[in-house]
>>> print(open('coords_15.txt').read())   # compact mmCIF, C-alpha atoms
# COMPACT_ATOMS: atom_id res chain seq x y z
CA MET A 1 -65.84 -72.34 -63.64
CA VAL A 2 -66.73 -68.94 -64.97
CA SER A 3 -68.53 -67.93 -61.82
CA LYS A 4 -65.57 -68.86 -59.63
CA THR A 5 -63.25 -66.71 -61.69
CA LEU A 6 -65.54 -63.74 -61.47
CA LYS A 7 -65.66 -64.00 -57.66
CA LYS A 8 -61.87 -64.03 -57.23
CA THR A 9 -61.07 -61.22 -59.61
CA PRO A 10 -62.58 -58.27 -57.69
CA THR A 11 -60.88 -59.39 -54.46
CA LYS A 12 -57.47 -59.55 -56.05
CA SER A 13 -57.88 -56.20 -57.77
CA ILE A 14 -58.87 -54.58 -54.44
CA LYS A 15 -55.76 -56.02 -52.73
CA ASP A 16 -53.60 -54.80 -55.58
CA ARG A 17 -55.03 -51.31 -55.32
CA ARG A 18 -54.48 -51.25 -51.53
CA SER A 19 -50.86 -52.32 -51.79
CA SER A 20 -50.31 -49.83 -54.58
CA TYR A 21 -51.88 -47.09 -52.47
CA ARG A 22 -49.64 -47.97 -49.51
CA ARG A 23 -46.56 -47.84 -51.72
CA GLN A 24 -47.66 -44.47 -53.03
CA ARG A 25 -48.19 -43.19 -49.48
CA ARG A 26 -44.75 -44.36 -48.41
CA LYS A 27 -43.18 -42.65 -51.35
CA SER A 28 -45.27 -39.46 -51.10
CA PRO A 29 -43.16 -36.34 -51.82
CA ALA A 30 -45.31 -34.30 -49.43
CA LYS A 31 -44.37 -36.62 -46.57
CA ILE A 32 -40.69 -36.40 -47.46
CA ASP A 33 -40.87 -32.61 -47.65
CA ALA A 34 -42.54 -32.40 -44.23
CA VAL A 35 -39.85 -34.56 -42.64
CA ALA A 36 -37.11 -32.49 -44.26
CA ALA A 37 -38.76 -29.26 -43.10
CA SER A 38 -39.05 -30.46 -39.50
CA SER A 39 -35.42 -31.57 -39.59
CA THR A 40 -34.41 -28.10 -40.83
CA ILE A 41 -36.42 -26.43 -38.06
CA LEU A 42 -34.81 -28.59 -35.38
CA GLU A 43 -31.38 -27.85 -36.77
CA SER A 44 -32.15 -24.12 -36.74
CA ILE A 45 -33.38 -24.32 -33.13
CA ASN A 46 -30.22 -26.17 -32.08
CA LYS A 47 -28.05 -23.52 -33.74
CA THR A 48 -30.01 -20.75 -31.99
CA ILE A 49 -29.64 -22.45 -28.60
CA PHE A 50 -25.91 -22.94 -29.18
CA SER A 51 -25.54 -19.29 -30.20
CA CYS A 52 -27.42 -18.15 -27.07
CA LYS A 53 -25.18 -20.29 -24.89
CA ARG A 54 -22.09 -18.72 -26.41
CA ARG A 55 -23.43 -15.21 -25.89
CA LEU A 56 -24.39 -15.95 -22.28
CA ALA A 57 -20.94 -17.40 -21.65
CA LYS A 58 -19.33 -14.20 -22.97
CA ILE A 59 -21.61 -12.03 -20.84
CA PHE A 60 -20.89 -14.02 -17.65
CA SER A 61 -17.15 -13.98 -18.34
CA LYS A 62 -17.27 -10.17 -18.66
CA LEU A 63 -19.24 -9.89 -15.42
CA ALA A 64 -16.70 -12.11 -13.70
CA ARG A 65 -13.84 -9.88 -14.87
CA ILE A 66 -15.66 -6.75 -13.68
CA SER A 67 -16.44 -8.12 -10.21
CA THR A 68 -13.10 -9.85 -9.58
CA PRO A 69 -10.71 -7.58 -7.66
CA ASN A 70 -7.28 -7.01 -9.12
CA SER A 71 -4.13 -5.60 -7.60
CA ARG A 72 -4.44 -2.18 -9.15
CA TYR A 73 -8.08 -1.15 -8.93
CA LYS A 74 -9.38 -3.68 -6.35
CA GLY A 75 -12.43 -4.61 -8.38
CA TYR A 76 -13.78 -1.18 -9.21
CA LYS A 77 -13.40 1.00 -12.24
CA ILE A 78 -12.28 4.62 -11.97
CA LEU A 79 -14.25 6.95 -14.21
CA LYS A 80 -11.77 9.09 -16.11
CA LYS A 81 -13.41 9.96 -19.41
CA ARG A 82 -16.09 12.60 -19.61
CA PHE A 83 -18.21 13.35 -22.64
CA LYS A 84 -18.84 16.82 -23.93
CA GLY A 85 -22.15 18.25 -22.87
CA GLU A 86 -22.35 16.34 -19.58
CA SER A 87 -23.72 18.46 -16.77
CA GLN A 88 -21.78 18.88 -13.55
CA GLU A 89 -24.60 17.18 -11.68
CA PHE A 90 -24.32 14.09 -13.91
CA GLN A 91 -20.54 13.98 -13.41
CA GLN A 92 -20.94 14.28 -9.64
CA GLN A 93 -23.42 11.40 -9.63
CA ALA A 94 -20.96 9.29 -11.61
CA ILE A 95 -18.19 10.07 -9.12
CA GLU A 96 -20.43 9.16 -6.18
CA LYS A 97 -21.41 5.84 -7.81
CA ASP A 98 -17.75 5.12 -8.48
CA SER A 99 -16.95 5.83 -4.83
CA ILE A 100 -19.65 3.41 -3.68
CA CYS A 101 -18.23 0.70 -5.97
CA ARG A 102 -14.76 1.22 -4.51
CA VAL A 103 -16.04 0.74 -0.99
CA LEU A 104 -18.05 -2.37 -1.92
CA PHE A 105 -15.14 -4.11 -3.67
CA SER A 106 -12.39 -3.19 -1.21
CA ASN A 107 -11.62 -3.31 2.50
CA GLU A 108 -11.35 0.46 2.80
CA ARG A 109 -13.73 2.09 5.26
CA LEU A 110 -13.98 5.39 3.37
CA PRO A 111 -14.75 6.23 -0.26
CA PRO A 112 -11.79 7.57 -2.26
CA LEU A 113 -10.84 11.22 -2.27
CA ILE A 114 -11.94 13.18 -5.34
CA SER A 115 -8.73 15.21 -5.06
CA PRO A 116 -5.75 12.94 -4.27
CA THR A 117 -3.73 15.92 -2.97
CA LYS A 118 -6.25 16.85 -0.28
CA LYS A 119 -5.31 16.13 3.33
CA THR A 120 -7.62 14.39 5.81
CA ILE A 121 -8.18 15.24 9.48
CA PHE A 122 -9.69 12.53 11.70
CA LEU A 123 -11.45 14.05 14.70
CA ASP A 124 -12.45 12.36 17.92
CA LEU A 125 -15.83 13.41 19.31
CA ASP A 126 -16.20 13.05 23.10
CA GLU A 127 -13.80 15.15 25.18
CA THR A 128 -12.27 16.46 21.92
CA LEU A 129 -15.10 18.37 20.23
CA VAL A 130 -17.80 18.05 22.90
CA HIS A 131 -18.47 16.74 26.38
CA SER A 132 -21.62 14.76 27.16
CA LYS A 133 -23.23 13.83 30.45
CA ALA A 134 -26.21 11.65 31.25
CA ASP A 135 -28.92 12.45 33.82
CA PRO A 136 -29.09 14.39 36.06
CA PRO A 137 -28.62 17.48 33.85
CA PRO A 138 -25.52 19.60 34.50
CA GLN A 139 -25.53 23.37 35.00
CA MET A 140 -24.16 24.06 31.48
CA PHE A 141 -25.06 22.35 28.22
CA ASP A 142 -25.79 23.41 24.65
CA PHE A 143 -28.26 20.74 23.55
CA VAL A 144 -29.78 17.39 24.51
CA VAL A 145 -29.89 14.13 22.55
CA ARG A 146 -32.07 11.14 23.42
CA PRO A 147 -30.69 7.96 21.86
CA LYS A 148 -32.25 4.55 22.37
CA ILE A 149 -29.56 2.23 23.73
CA ASP A 150 -30.34 -1.42 24.50
CA GLY A 151 -34.02 -0.61 24.13
CA GLU A 152 -33.94 2.21 26.67
CA LEU A 153 -34.21 5.94 25.95
CA MET A 154 -31.47 7.96 27.61
CA ASN A 155 -30.81 11.69 27.98
CA PHE A 156 -27.37 13.11 27.17
CA TYR A 157 -26.61 16.78 27.84
CA VAL A 158 -23.95 18.00 25.40
CA LEU A 159 -21.58 20.95 25.91
CA LYS A 160 -19.61 22.13 22.88
CA ARG A 161 -15.91 22.84 23.21
CA PRO A 162 -15.14 26.59 22.87
CA GLY A 163 -14.42 27.50 19.25
CA VAL A 164 -15.65 24.20 17.78
CA ASP A 165 -17.96 25.86 15.24
CA ALA A 166 -15.24 28.18 13.91
CA PHE A 167 -12.78 25.27 13.98
CA LEU A 168 -14.92 23.06 11.73
CA GLU A 169 -15.80 25.87 9.34
CA SER A 170 -12.18 27.00 9.00
CA LEU A 171 -10.79 23.54 8.20
CA ALA A 172 -13.63 22.19 6.05
CA ALA A 173 -12.79 24.57 3.19
CA LYS A 174 -9.31 23.08 2.84
CA TYR A 175 -9.34 19.61 4.40
CA GLU A 176 -11.47 16.50 4.38
CA LEU A 177 -12.98 16.22 7.87
CA VAL A 178 -13.84 12.78 9.25
CA VAL A 179 -15.21 12.25 12.73
CA PHE A 180 -13.90 8.95 14.07
CA THR A 181 -15.36 8.12 17.46
CA ALA A 182 -15.35 5.06 19.68
CA GLY A 183 -18.88 5.99 20.74
CA LEU A 184 -21.97 4.07 19.71
CA LYS A 185 -23.63 5.15 16.49
CA GLU A 186 -27.03 5.47 18.18
CA TYR A 187 -25.62 8.22 20.40
CA ALA A 188 -22.85 9.81 18.29
CA SER A 189 -24.94 10.25 15.14
CA LEU A 190 -27.48 12.36 17.04
CA VAL A 191 -24.73 14.52 18.54
CA LEU A 192 -23.18 15.10 15.10
CA ASP A 193 -26.55 16.01 13.61
CA LYS A 194 -26.80 18.82 16.16
CA LEU A 195 -23.14 19.81 16.01
CA ASP A 196 -22.67 19.81 12.22
CA VAL A 197 -25.76 21.63 10.99
CA LYS A 198 -23.92 22.96 7.91
CA GLY A 199 -22.68 19.55 6.80
CA LEU A 200 -18.98 20.41 7.08
CA ILE A 201 -17.98 16.88 8.13
CA SER A 202 -17.45 14.61 5.13
CA HIS A 203 -17.71 11.20 6.82
CA ARG A 204 -18.56 9.63 10.16
CA LEU A 205 -17.02 6.49 11.66
CA TYR A 206 -18.25 4.88 14.88
CA ARG A 207 -17.28 2.14 17.32
CA ASP A 208 -17.91 -0.61 14.78
CA SER A 209 -15.02 0.80 12.71
CA CYS A 210 -12.57 0.49 15.62
CA LYS A 211 -10.47 -2.51 16.57
CA GLU A 212 -10.72 -3.86 20.09
CA VAL A 213 -7.27 -4.57 21.56
CA ASP A 214 -7.01 -5.67 25.20
CA GLY A 215 -10.41 -4.18 25.92
CA LYS A 216 -9.51 -0.82 24.36
CA PHE A 217 -10.83 0.63 21.11
CA VAL A 218 -8.10 1.48 18.59
CA LYS A 219 -8.62 3.54 15.42
CA ASP A 220 -6.55 1.98 12.65
CA LEU A 221 -5.87 4.67 10.05
CA SER A 222 -4.24 2.21 7.65
CA GLU A 223 -7.71 0.95 6.62
CA MET A 224 -9.02 4.33 5.47
CA GLY A 225 -7.63 4.31 1.92
CA ARG A 226 -5.64 7.48 2.54
CA ASP A 227 -1.96 8.29 2.08
CA MET A 228 -0.39 8.21 5.53
CA LYS A 229 1.64 11.29 4.59
CA ARG A 230 -1.58 13.28 4.31
CA ILE A 231 -3.62 12.31 7.36
CA VAL A 232 -3.78 13.55 10.96
CA ILE A 233 -5.82 12.28 13.88
CA ILE A 234 -6.80 14.58 16.78
CA ASP A 235 -7.75 12.71 19.94
CA ASP A 236 -7.57 13.10 23.71
CA ASN A 237 -7.03 9.34 24.27
CA PRO A 238 -3.56 7.97 23.32
CA ASN A 239 -4.91 4.41 23.23
CA CYS A 240 -7.04 5.29 20.21
CA TYR A 241 -4.09 6.15 17.95
CA SER A 242 -1.59 3.59 19.29
CA PHE A 243 -1.22 2.04 15.81
CA GLN A 244 -0.11 5.33 14.19
CA PRO A 245 1.19 7.68 16.95
CA GLU A 246 3.27 9.62 14.40
CA ASN A 247 0.03 10.84 12.78
CA ALA A 248 -1.57 11.95 16.03
CA ILE A 249 -1.96 15.33 17.71
CA PRO A 250 -3.00 14.81 21.34
CA VAL A 251 -5.34 17.36 22.93
CA ARG A 252 -6.31 17.97 26.54
CA PRO A 253 -9.63 16.32 27.44
CA PHE A 254 -12.47 18.85 27.50
CA ILE A 255 -15.12 18.73 30.20
CA ASP A 256 -16.44 22.16 31.16
CA ASP A 257 -13.55 24.66 30.83
CA LEU A 258 -15.09 27.57 28.93
CA GLY A 259 -11.65 29.21 28.68
CA ASP A 260 -10.24 26.27 26.72
CA GLY A 261 -8.17 27.32 23.67
CA GLU A 262 -6.98 23.99 22.21
CA LEU A 263 -8.97 24.24 18.98
CA GLY A 264 -7.68 27.75 18.27
CA LYS A 265 -4.08 26.45 18.42
CA LEU A 266 -4.96 23.68 15.99
CA VAL A 267 -6.42 26.14 13.48
CA LYS A 268 -3.09 28.02 13.41
CA PHE A 269 -1.19 24.75 12.99
CA PHE A 270 -3.21 23.65 9.97
CA GLU A 271 -2.87 27.07 8.37
CA GLU A 272 0.93 26.73 8.44
CA CYS A 273 1.56 23.06 7.62
CA ASP A 274 1.23 23.30 3.81
CA SER A 275 5.00 23.65 3.38
CA PHE A 276 5.52 20.06 4.59
CA GLU A 277 5.38 17.31 1.98
CA ASP A 278 4.84 14.75 4.76
CA ILE A 279 2.38 16.13 7.31
CA ARG A 280 3.83 13.77 9.94
CA ASP A 281 6.92 15.99 10.03
CA ALA A 282 4.72 18.97 10.82
CA VAL A 283 2.88 16.98 13.50
CA LYS A 284 6.19 16.00 15.08
CA GLN A 285 7.34 19.61 15.30
CA PHE A 286 3.98 20.77 16.70
CA VAL A 287 3.88 18.04 19.36
CA CYS A 288 7.50 18.61 20.38
CA LYS A 289 6.90 22.36 20.64
CA GLY A 290 3.84 21.77 22.79
CA ASN A 291 5.78 19.46 25.09
CA ASP A 292 8.57 22.04 25.41
CA MET A 293 6.01 24.69 26.39
CA LYS A 294 4.60 22.38 29.07
CA ASN A 295 8.05 21.84 30.53
CA LEU A 296 8.71 25.58 30.91
>>> encode(input="coords_15.txt", output="structure tokens")
Amino acid sequence: MVSKTLKKTPTKSIKDRRSSYRRQRRKSPAKIDAVAASSTILESINKTIFSCKRRLAKIFSKLARISTPNSRYKGYKILKKRFKGESQEFQQQAIEKDSICRVLFSNERLPPLISPTKKTIFLDLDETLVHSKADPPPQMFDFVVRPKIDGELMNFYVLKRPGVDAFLESLAAKYELVVFTAGLKEYASLVLDKLDVKGLISHRLYRDSCKEVDGKFVKDLSEMGRDMKRIVIIDDNPNCYSFQPENAIPVRPFIDDLGDGELGKLVKFFEECDSFEDIRDAVKQFVCKGNDMKNL
């Protein structure tokens, strides 16, 4: 009997110690602290993620407001404030960037005028400022351009209209000059590079800026972002300004008449039209006077 009791006792005590150890492990403060710490970390991570989402939502909402056009500014922001100490170069760069933004977020084909009171003259190119002829070369020409059109190099011999250099230089100091041609860019850009060496022309518009109506190219001035009271178009082709004939000054087509004086007359007109609040009134008088002279 004694021996049996001695054999069972150690086994029971071992089982008791194991169960006690398990209970102690389940109730270990270190384990509880670790669980609580991990829960705190997860909660902190969730808060951080939520905070990031809120900040991103605010940022995207601001970007949406900046890029969404509105009725007043059409999606761009005009720079009005200038800080003391800014250099003129920095301010000019800011104005140019602002102009690019205006073009990107609007349907206007030209950047805005820096001076809203400045008038704009749209000039045709062929038969208005110059005359060009393809091969064979004519007897008279001032320079040659070789554009690549439809994969083929072509020669164009260009003759400048008499007085064109003085005409551009005289008007550029006072007006914004824009060449608006129905010619292809591949050709017209090369001609303008030769013609406007001093960079007097502010902007260039080509055939892709025209509207094709019944097979004819029309220059719509209403898409230029300019006040119609302050713009004039000079063109030898009436079809080109059929949308706004009241803004147009027609000129005789130039081919090879070295005694041509059309541009000289226009210089005098633009020197005297400042007294008109609406330049269309001045254009009307000039055109009517020219027609009366023809009828004499």
>>> atom_distance(input="coords_15.txt", atom1="CA of Phe156 (chain A)", atom2="CA of Ser132 (chain A)")
6.0 Å
>>> closest_residue(input="coords_15.txt", among="A:Arg55, A:Phe50, A:Asp256, A:Asp165", to="Lys133 (chain A)", atoms="all atoms listed in the file")
A:Asp256
>>> atom_distance(input="coords_15.txt", atom1="CA of Tyr175 (chain A)", atom2="CA of Phe143 (chain A)")
26.9 Å
>>> atom_distance(input="coords_15.txt", atom1="CA of Pro253 (chain A)", atom2="CA of Asp236 (chain A)")
5.3 Å
>>> closest_atom_pairs(input="coords_15.txt", of="region 137-156 of chain A", to="region 185-189 of chain A", cutoff="7 Å", atoms="only C-alpha atoms", output="JSON lines")
{"residue": "A:Pro147", "atom": "CA", "partner": "A:Tyr187", "partner_atom": "CA", "distance": 5.3}
{"residue": "A:Lys148", "atom": "CA", "partner": "A:Glu186", "partner_atom": "CA", "distance": 6.8}
{"residue": "A:Ile149", "atom": "CA", "partner": "A:Glu186", "partner_atom": "CA", "distance": 6.9}
>>> closest_residue(input="coords_15.txt", among="A:Thr120, A:Ser209, A:Gln139, A:Ser170", to="Tyr157 (chain A)", atoms="all atoms listed in the file")
A:Gln139
>>> closest_residue(input="coords_15.txt", among="A:Val287, A:Ile234, A:Ala248, A:Leu171", to="Leu129 (chain A)", atoms="all atoms listed in the file")
A:Ile234
>>> residues_around(input="coords_15.txt", residues="Gln285 (chain A)", least_positions_apart="6", cutoff="12 Å", atoms="all atoms listed in the file", output="list in words")
Glu246, Asn247, Ala248, Ile249, Phe269, Glu272, Cys273, Phe276, Asp278, Ile279, Asn291 and Asp292 of chain A
>>> write_last_selection(input="coords_15.txt", atoms="C-alpha atoms", output="compact mmCIF listing (two decimals), in the frame of the given file")
# COMPACT_ATOMS: atom_id res chain seq x y z
CA GLU A 246 3.27 9.62 14.40
CA ASN A 247 0.03 10.84 12.78
CA ALA A 248 -1.57 11.95 16.03
CA ILE A 249 -1.96 15.33 17.71
CA PHE A 269 -1.19 24.75 12.99
CA GLU A 272 0.93 26.73 8.44
CA CYS A 273 1.56 23.06 7.62
CA PHE A 276 5.52 20.06 4.59
CA ASP A 278 4.84 14.75 4.76
CA ILE A 279 2.38 16.13 7.31
CA ASN A 291 5.78 19.46 25.09
CA ASP A 292 8.57 22.04 25.41
>>> closest_residue(input="coords_15.txt", among="A:Gly163, A:Pro250, A:Gly225, A:Gly290", to="Glu108 (chain A)", atoms="only C-alpha atoms")
A:Gly225
>>> axis_aligned_box(input="coords_15.txt", around="region 153-169 of chain A", padding_each_side="4 Å", output="JSON")
{"center_x": -23.5, "center_y": 17.1, "center_z": 18.7, "size_x": 29.4, "size_y": 30.2, "size_z": 26.6}
>>> residues_near_point(input="coords_15.txt", point="(-9.4, 18.0, 20.4)", cutoff="9 Å", atoms="all atoms listed in the file", output="list in words")
Leu123, Asp124, Leu125, Asp126, Glu127, Thr128, Leu129, Val130, Arg161, Ile234, Asp235, Asp236, Ile249, Pro250, Val251, Arg252, Pro253, Phe254, Glu262, Leu263 and Leu266 of chain A
>>> decode(input="coords_15.txt", residues="region 134-146 of chain A", atoms="all heavy atoms", output="PDB file, in the first residue's frame")
ATOM      1  N   ALA A 134       6.966  79.726-106.756  1.00  0.00           N
ATOM      2  CA  ALA A 134       7.751  78.490-106.811  1.00  0.00           C
ATOM      3  C   ALA A 134       8.582  78.459-108.090  1.00  0.00           C
ATOM      4  O   ALA A 134       8.537  79.371-108.917  1.00  0.00           O
ATOM      5  CB  ALA A 134       6.817  77.282-106.743  1.00  0.00           C
ATOM      6  N   ASP A 135       9.388  77.402-108.241  1.00  0.00           N
ATOM      7  CA  ASP A 135      10.220  77.252-109.446  1.00  0.00           C
ATOM      8  C   ASP A 135       9.377  77.328-110.719  1.00  0.00           C
ATOM      9  O   ASP A 135       8.226  76.875-110.714  1.00  0.00           O
ATOM     10  CB  ASP A 135      10.948  75.906-109.386  1.00  0.00           C
ATOM     11  CG  ASP A 135      12.119  75.917-108.410  1.00  0.00           C
ATOM     12  OD1 ASP A 135      12.823  76.941-108.355  1.00  0.00           O
ATOM     13  OD2 ASP A 135      12.310  74.909-107.713  1.00  0.00           O
ATOM     14  N   PRO A 136       9.923  77.897-111.785  1.00  0.00           N
ATOM     15  CA  PRO A 136      11.282  78.437-111.953  1.00  0.00           C
ATOM     16  C   PRO A 136      11.419  79.809-111.288  1.00  0.00           C
ATOM     17  O   PRO A 136      10.421  80.507-111.095  1.00  0.00           O
ATOM     18  CB  PRO A 136      11.420  78.555-113.467  1.00  0.00           C
ATOM     19  CG  PRO A 136      10.022  78.779-113.951  1.00  0.00           C
ATOM     20  CD  PRO A 136       9.139  77.967-113.054  1.00  0.00           C
ATOM     21  N   PRO A 137      12.637  80.218-110.945  1.00  0.00           N
ATOM     22  CA  PRO A 137      12.834  81.491-110.243  1.00  0.00           C
ATOM     23  C   PRO A 137      12.449  82.695-111.108  1.00  0.00           C
ATOM     24  O   PRO A 137      12.714  82.709-112.318  1.00  0.00           O
ATOM     25  CB  PRO A 137      14.335  81.496-109.926  1.00  0.00           C
ATOM     26  CG  PRO A 137      14.933  80.528-110.881  1.00  0.00           C
ATOM     27  CD  PRO A 137      13.900  79.495-111.151  1.00  0.00           C
ATOM     28  N   PRO A 138      11.804  83.690-110.495  1.00  0.00           N
ATOM     29  CA  PRO A 138      11.446  84.903-111.228  1.00  0.00           C
ATOM     30  C   PRO A 138      12.664  85.822-111.380  1.00  0.00           C
ATOM     31  O   PRO A 138      13.739  85.563-110.834  1.00  0.00           O
ATOM     32  CB  PRO A 138      10.385  85.543-110.334  1.00  0.00           C
ATOM     33  CG  PRO A 138      10.768  85.111-108.961  1.00  0.00           C
ATOM     34  CD  PRO A 138      11.341  83.728-109.097  1.00  0.00           C
ATOM     35  N   GLN A 139      12.463  86.932-112.096  1.00  0.00           N
ATOM     36  CA  GLN A 139      13.563  87.877-112.290  1.00  0.00           C
ATOM     37  C   GLN A 139      13.902  88.618-110.996  1.00  0.00           C
ATOM     38  O   GLN A 139      15.063  88.934-110.739  1.00  0.00           O
ATOM     39  CB  GLN A 139      13.186  88.890-113.386  1.00  0.00           C
ATOM     40  CG  GLN A 139      13.107  88.287-114.773  1.00  0.00           C
ATOM     41  CD  GLN A 139      12.792  89.341-115.825  1.00  0.00           C
ATOM     42  OE1 GLN A 139      12.446  90.478-115.496  1.00  0.00           O
ATOM     43  NE2 GLN A 139      12.924  88.975-117.092  1.00  0.00           N
ATOM     44  N   MET A 140      12.889  88.909-110.169  1.00  0.00           N
ATOM     45  CA  MET A 140      13.109  89.673-108.932  1.00  0.00           C
ATOM     46  C   MET A 140      12.657  88.856-107.722  1.00  0.00           C
ATOM     47  O   MET A 140      11.545  88.325-107.704  1.00  0.00           O
ATOM     48  CB  MET A 140      12.324  90.998-108.968  1.00  0.00           C
ATOM     49  CG  MET A 140      12.745  91.950-110.059  1.00  0.00           C
ATOM     50  SD  MET A 140      11.788  93.492-109.970  1.00  0.00           S
ATOM     51  CE  MET A 140      10.129  92.898-110.287  1.00  0.00           C
ATOM     52  N   PHE A 141      13.509  88.772-106.731  1.00  0.00           N
ATOM     53  CA  PHE A 141      13.138  88.192-105.445  1.00  0.00           C
ATOM     54  C   PHE A 141      14.169  88.626-104.407  1.00  0.00           C
ATOM     55  O   PHE A 141      15.309  88.960-104.732  1.00  0.00           O
ATOM     56  CB  PHE A 141      13.019  86.664-105.509  1.00  0.00           C
ATOM     57  CG  PHE A 141      14.287  85.955-105.881  1.00  0.00           C
ATOM     58  CD1 PHE A 141      15.193  85.542-104.919  1.00  0.00           C
ATOM     59  CD2 PHE A 141      14.585  85.693-107.226  1.00  0.00           C
ATOM     60  CE1 PHE A 141      16.360  84.892-105.260  1.00  0.00           C
ATOM     61  CE2 PHE A 141      15.752  85.035-107.574  1.00  0.00           C
ATOM     62  CZ  PHE A 141      16.645  84.632-106.595  1.00  0.00           C
ATOM     63  N   ASP A 142      13.734  88.649-103.150  1.00  0.00           N
ATOM     64  CA  ASP A 142      14.620  89.094-102.064  1.00  0.00           C
ATOM     65  C   ASP A 142      15.291  87.930-101.336  1.00  0.00           C
ATOM     66  O   ASP A 142      16.415  88.057-100.863  1.00  0.00           O
ATOM     67  CB  ASP A 142      13.827  89.929-101.052  1.00  0.00           C
ATOM     68  CG  ASP A 142      13.408  91.278-101.632  1.00  0.00           C
ATOM     69  OD1 ASP A 142      14.302  92.046-102.028  1.00  0.00           O
ATOM     70  OD2 ASP A 142      12.193  91.553-101.685  1.00  0.00           O
ATOM     71  N   PHE A 143      14.608  86.822-101.205  1.00  0.00           N
ATOM     72  CA  PHE A 143      15.216  85.654-100.552  1.00  0.00           C
ATOM     73  C   PHE A 143      14.459  84.396-100.967  1.00  0.00           C
ATOM     74  O   PHE A 143      13.383  84.459-101.589  1.00  0.00           O
ATOM     75  CB  PHE A 143      15.223  85.805 -99.020  1.00  0.00           C
ATOM     76  CG  PHE A 143      13.882  86.069 -98.403  1.00  0.00           C
ATOM     77  CD1 PHE A 143      13.016  85.023 -98.096  1.00  0.00           C
ATOM     78  CD2 PHE A 143      13.481  87.368 -98.107  1.00  0.00           C
ATOM     79  CE1 PHE A 143      11.791  85.270 -97.515  1.00  0.00           C
ATOM     80  CE2 PHE A 143      12.249  87.622 -97.527  1.00  0.00           C
ATOM     81  CZ  PHE A 143      11.397  86.573 -97.227  1.00  0.00           C
ATOM     82  N   VAL A 144      15.046  83.251-100.623  1.00  0.00           N
ATOM     83  CA  VAL A 144      14.479  81.951-100.985  1.00  0.00           C
ATOM     84  C   VAL A 144      14.238  81.146 -99.707  1.00  0.00           C
ATOM     85  O   VAL A 144      15.065  81.158 -98.789  1.00  0.00           O
ATOM     86  CB  VAL A 144      15.429  81.158-101.917  1.00  0.00           C
ATOM     87  CG1 VAL A 144      14.794  79.835-102.337  1.00  0.00           C
ATOM     88  CG2 VAL A 144      15.804  81.998-103.125  1.00  0.00           C
ATOM     89  N   VAL A 145      13.118  80.443 -99.650  1.00  0.00           N
ATOM     90  CA  VAL A 145      12.870  79.502 -98.557  1.00  0.00           C
ATOM     91  C   VAL A 145      12.625  78.130 -99.177  1.00  0.00           C
ATOM     92  O   VAL A 145      12.082  78.014-100.286  1.00  0.00           O
ATOM     93  CB  VAL A 145      11.671  79.931 -97.688  1.00  0.00           C
ATOM     94  CG1 VAL A 145      11.970  81.227 -96.960  1.00  0.00           C
ATOM     95  CG2 VAL A 145      10.385  80.064 -98.499  1.00  0.00           C
ATOM     96  N   ARG A 146      13.009  77.091 -98.444  1.00  0.00           N
ATOM     97  CA  ARG A 146      12.881  75.722 -98.949  1.00  0.00           C
ATOM     98  C   ARG A 146      12.145  74.857 -97.928  1.00  0.00           C
ATOM     99  O   ARG A 146      12.762  74.077 -97.200  1.00  0.00           O
ATOM    100  CB  ARG A 146      14.267  75.149 -99.263  1.00  0.00           C
ATOM    101  CG  ARG A 146      14.984  75.880-100.396  1.00  0.00           C
ATOM    102  CD  ARG A 146      16.350  75.272-100.689  1.00  0.00           C
ATOM    103  NE  ARG A 146      16.960  75.892-101.868  1.00  0.00           N
ATOM    104  CZ  ARG A 146      17.672  77.018-101.828  1.00  0.00           C
ATOM    105  NH1 ARG A 146      17.876  77.652-100.653  1.00  0.00           N
ATOM    106  NH2 ARG A 146      18.171  77.518-102.938  1.00  0.00           N
TER     107      ARG A 146
END
